[in-house]
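Remarks on the structure that follows.
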Amino acid sequence: MLKHKNVYVLPSRLGLAFLCFAILVFLLGSNYQNNMIIMTSYLLLSLLLVSVIQGYLNLSNTEIEYIQCRPGDVQSGFELLLSFKNLRTAQQIKLAAQWLNPVDAFDCSHSAKTIKLQFTPSKRGIYALPRIKISSSYPFGLITIWSYLVYQDSTFVYPNQRTLLNYSHTHEQPDEGDHSNQAQGSDDFDGIRTYQKGDSFSRISWKHYAKQHELVSKQFNQLGNGHVIFDFALLPDDFETRLEYLAYLLQQAQHDELIYGLTLPQRHIGANHGPEHLAECLKALSEV
């Protein structure tokens, strides 16, 4: 909750110009001994003082609740959800932080209001949540009232997804230890390739078509219950591009409900499935 101990008040640039103008009016009235001009300067200073009090009352007692932070890739960034609530109506609230996409000023009242903040760092990795500045220039823009929100939490930014065609995965048989091979057939998903005339429509990856507007066909193998293992060392191109390929392949495997694992330099994640397993694999890509 914002209180007098963590709320700061200073004149804005407009407020400083307004203050200088009020002082000049006072000096002008004193020089000509004109009481009306002096009273005008007092009125201007009173307006500035009212702005300080009203501005502080506007932002104070605002309750801010951390809801959750959702990781994302480099293109979309990570998402932070905060809830704002005030027994009165706090007006013209603005938020600013490193990597934060612009957020429109908003009001909050006794009903909790959830604000979605989108942060877009330029690189993948693990990021501590940045310090968020909450401010307001209510009511006249003459005063800036602000405070800082600091959360001791971190999140992940995954590599972007890059489409990879004609890739044969490494597979592991769950009952045969280290046995692995590569094959193509008709039972288990084994990657995608460019659509060719005569391919069955049931094997077209419609999800890929919706995103890329390009027809590709799914390939399958005959490994029965084999586990798909995505190996960093078997991919082409440079280091970062390989990670982007892996991010795409992992998402595809999750979408097709496969059991899959991941092999990275100095790390191996065993075959599994589900959203938690996907998150673990993507986090591993962020940490490499």
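A note on labels: chains of the structure tokens are A, B, ... as shown, every chain counts residues from 1, and ligands are counted from 1 in their shown order.
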Mind checking which residues fall within 9 Å of Leu258 in chain A, counting only C-alpha atoms, ignoring those fewer than 2 positions away in the same chain, and posting them as an mmCIF file with N, CA and C atoms, in the first residue's frame?
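Wrote around.cif, looks like this:
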data_model
loop_
_atom_site.group_PDB
_atom_site.id
_atom_site.type_symbol
_atom_site.label_atom_id
_atom_site.label_comp_id
_atom_site.auth_asym_id
_atom_site.auth_seq_id
_atom_site.Cartn_x
_atom_site.Cartn_y
_atom_site.Cartn_z
ATOM 1 N N ASP A 188 4.528 -42.657 -35.535
ATOM 2 C CA ASP A 188 4.846 -41.566 -34.621
ATOM 3 C C ASP A 188 5.368 -40.341 -35.372
ATOM 4 N N PHE A 189 5.044 -39.185 -34.833
ATOM 5 C CA PHE A 189 5.461 -37.912 -35.450
ATOM 6 C C PHE A 189 6.983 -37.820 -35.535
ATOM 7 N N HIS A 227 10.351 -42.517 -27.707
ATOM 8 C CA HIS A 227 10.369 -41.150 -27.227
ATOM 9 C C HIS A 227 11.157 -40.280 -28.194
ATOM 10 N N VAL A 228 10.622 -39.118 -28.498
ATOM 11 C CA VAL A 228 11.310 -38.180 -29.383
ATOM 12 C C VAL A 228 12.325 -37.391 -28.561
ATOM 13 N N GLN A 252 5.902 -27.780 -31.209
ATOM 14 C CA GLN A 252 5.204 -28.693 -32.109
ATOM 15 C C GLN A 252 4.937 -30.046 -31.441
ATOM 16 N N ALA A 253 5.947 -30.563 -30.742
ATOM 17 C CA ALA A 253 5.793 -31.852 -30.066
ATOM 18 C C ALA A 253 4.715 -31.776 -28.985
ATOM 19 N N GLN A 254 4.688 -30.656 -28.248
ATOM 20 C CA GLN A 254 3.664 -30.482 -27.228
ATOM 21 C C GLN A 254 2.277 -30.401 -27.863
ATOM 22 N N HIS A 255 2.187 -29.699 -28.968
ATOM 23 C CA HIS A 255 0.898 -29.575 -29.657
ATOM 24 C C HIS A 255 0.400 -30.925 -30.147
ATOM 25 N N ASP A 256 1.318 -31.786 -30.598
ATOM 26 C CA ASP A 256 0.941 -33.107 -31.115
ATOM 27 C C ASP A 256 0.907 -34.180 -30.035
ATOM 28 N N TYR A 260 8.540 -36.359 -25.339
ATOM 29 C CA TYR A 260 9.761 -35.828 -25.935
ATOM 30 C C TYR A 260 10.753 -35.421 -24.844
ATOM 31 N N ASN A 272 9.362 -36.781 -21.538
ATOM 32 C CA ASN A 272 8.141 -36.607 -20.751
ATOM 33 C C ASN A 272 7.160 -35.820 -21.609
ATOM 34 N N HIS A 273 6.089 -35.381 -21.032
ATOM 35 C CA HIS A 273 5.122 -34.587 -21.794
ATOM 36 C C HIS A 273 4.326 -33.715 -20.830
ATOM 37 N N GLY A 274 3.578 -32.774 -21.382
ATOM 38 C CA GLY A 274 2.750 -31.899 -20.573
ATOM 39 C C GLY A 274 3.290 -30.479 -20.498
#
- Task: Write out as a ChimeraX atom specification each polymer residue whose atoms come within 9 Å of range 36-53 of chain A, counting only C-alpha atoms; drop sequence neighbours fewer than 5 positions from it.
- Result: /A:9-11,15,18-19,21-30,58,137-145
- Thr114 in chain A surroundings by only C-alpha atoms, 10 Å radius, close-in-sequence under 4 positions cut, as a count of residues only: 10
Which residues are near Pro130 in chain A? Cut-off 12 Å, only C-alpha atoms, ignore same chain within fewer than 4 positions. Put them as a compact mmCIF listing (two decimals) with N, CA, C and O atoms, in the first residue's frame.
# COMPACT_ATOMS: atom_id res chain seq x y z
N CYS A 69 3.58 -13.66 -12.91
CA CYS A 69 4.44 -13.29 -14.03
C CYS A 69 4.50 -14.47 -14.98
O CYS A 69 4.81 -15.59 -14.56
N PHE A 78 7.87 -11.08 -21.65
CA PHE A 78 7.16 -11.69 -20.52
C PHE A 78 6.07 -10.75 -20.03
O PHE A 78 6.10 -9.54 -20.27
N LEU A 80 3.45 -9.43 -16.89
CA LEU A 80 3.26 -9.26 -15.45
C LEU A 80 1.85 -8.75 -15.19
O LEU A 80 1.41 -7.78 -15.80
N ALA A 96 5.85 3.02 -15.47
CA ALA A 96 7.03 3.04 -16.34
C ALA A 96 8.08 2.11 -15.75
O ALA A 96 8.20 1.98 -14.53
N ALA A 97 8.83 1.44 -16.61
CA ALA A 97 9.89 0.52 -16.17
C ALA A 97 10.76 0.17 -17.37
O ALA A 97 10.39 0.41 -18.52
N GLN A 98 11.91 -0.39 -17.09
CA GLN A 98 12.79 -0.87 -18.16
C GLN A 98 12.10 -1.99 -18.94
O GLN A 98 11.48 -2.87 -18.34
N TRP A 99 12.20 -1.95 -20.26
CA TRP A 99 11.62 -2.93 -21.20
C TRP A 99 10.09 -2.89 -21.25
O TRP A 99 9.49 -3.67 -21.98
N LEU A 100 9.45 -2.00 -20.49
CA LEU A 100 7.99 -2.01 -20.45
C LEU A 100 7.41 -1.33 -21.68
O LEU A 100 7.77 -0.20 -22.01
N LEU A 117 0.97 -5.93 -17.84
CA LEU A 117 2.18 -5.24 -18.28
C LEU A 117 3.01 -6.18 -19.15
O LEU A 117 3.28 -7.32 -18.76
N GLN A 118 3.42 -5.69 -20.31
CA GLN A 118 4.20 -6.49 -21.24
C GLN A 118 5.62 -5.94 -21.32
O GLN A 118 5.82 -4.78 -21.67
N PHE A 119 6.60 -6.77 -20.98
CA PHE A 119 8.01 -6.39 -21.02
C PHE A 119 8.68 -7.11 -22.18
O PHE A 119 8.49 -8.32 -22.36
N THR A 120 9.48 -6.40 -22.95
CA THR A 120 10.12 -7.00 -24.13
C THR A 120 11.63 -6.77 -24.11
O THR A 120 12.14 -5.85 -24.77
N PRO A 121 12.36 -7.59 -23.35
CA PRO A 121 13.83 -7.52 -23.42
C PRO A 121 14.31 -7.94 -24.81
O PRO A 121 13.60 -8.61 -25.56
N ILE A 126 17.40 -15.26 -18.20
CA ILE A 126 16.68 -15.13 -16.94
C ILE A 126 16.73 -13.66 -16.54
O ILE A 126 17.79 -13.05 -16.51
N TYR A 148 7.78 3.54 -6.07
CA TYR A 148 8.40 2.44 -6.81
C TYR A 148 7.87 1.11 -6.30
O TYR A 148 7.67 0.92 -5.10
N LEU A 149 7.65 0.20 -7.25
CA LEU A 149 7.24 -1.17 -6.92
C LEU A 149 8.42 -2.09 -7.20
O LEU A 149 8.95 -2.12 -8.32
N VAL A 150 8.85 -2.81 -6.18
CA VAL A 150 9.99 -3.72 -6.31
C VAL A 150 9.55 -5.12 -5.89
O VAL A 150 9.07 -5.31 -4.77
N TYR A 151 9.72 -6.09 -6.78
CA TYR A 151 9.33 -7.47 -6.49
C TYR A 151 10.56 -8.36 -6.61
O TYR A 151 11.28 -8.32 -7.61
N GLN A 152 10.76 -9.18 -5.60
CA GLN A 152 11.91 -10.09 -5.58
C GLN A 152 11.54 -11.39 -6.29
O GLN A 152 11.32 -12.43 -5.67
N ASP A 153 11.46 -11.30 -7.58
CA ASP A 153 11.08 -12.46 -8.38
C ASP A 153 11.82 -12.39 -9.71
O ASP A 153 12.34 -11.33 -10.09
N SER A 154 11.86 -13.49 -10.41
CA SER A 154 12.52 -13.53 -11.72
C SER A 154 11.68 -14.32 -12.69
O SER A 154 10.76 -15.06 -12.30
N THR A 155 11.97 -14.17 -13.96
CA THR A 155 11.22 -14.88 -14.99
C THR A 155 12.15 -15.22 -16.14
O THR A 155 13.32 -14.81 -16.17
- Might you pull out every residue within 7 Å of Thr194 in chain A, with only C-alpha atoms counted and same-chain residues fewer than 2 positions away left off, and present them as an NGL selection string? :A and (165 or 196 or 215-217)
- Item | Contacts of Ala284 in chain A within 9 Å, only C-alpha atoms, excl. fewer than 3 positions in-chain, as a PyMOL selection string | chain A and resi 158+264+267+269+279-281+287-288
For the residues in that selection, give me C-alpha atoms as a PDB file, in the first residue's frame.
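This went into part19.pdb:
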ATOM      1  CA  TYR A 158      12.641 -18.036 -24.250  1.00  0.00           C
ATOM      2  CA  LEU A 264      21.711 -29.613 -24.853  1.00  0.00           C
ATOM      3  CA  ARG A 267      22.485 -30.948 -20.023  1.00  0.00           C
ATOM      4  CA  ILE A 269      16.197 -33.562 -19.997  1.00  0.00           C
ATOM      5  CA  ALA A 279       8.186 -25.094 -19.548  1.00  0.00           C
ATOM      6  CA  GLU A 280      11.209 -26.946 -18.139  1.00  0.00           C
ATOM      7  CA  CYS A 281      12.631 -27.502 -21.626  1.00  0.00           C
ATOM      8  CA  GLU A 287      19.728 -20.726 -19.608  1.00  0.00           C
ATOM      9  CA  VAL A 288      22.147 -22.148 -22.164  1.00  0.00           C
TER      10      VAL A 288
END
- Query: Among range 50-101 of chain A, which residues carry a DSSP assignment of strand (DSSP E), reported as a PyMOL selection string?
  - Reply: chain A and resi 63-70+72-73+78-85+90-96
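Taking CA of Tyr248 in chain A and CA of Leu129 in chain A as endpoints, the distance between them is 25.8 Å.
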- Contacts of Ala233 in chain A within 8 Å, only C-alpha atoms, excl. fewer than 2 positions in-chain, as a list in words: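 Everything that qualifies: Asp231, Leu235, Leu264 and Pro265 of chain A.
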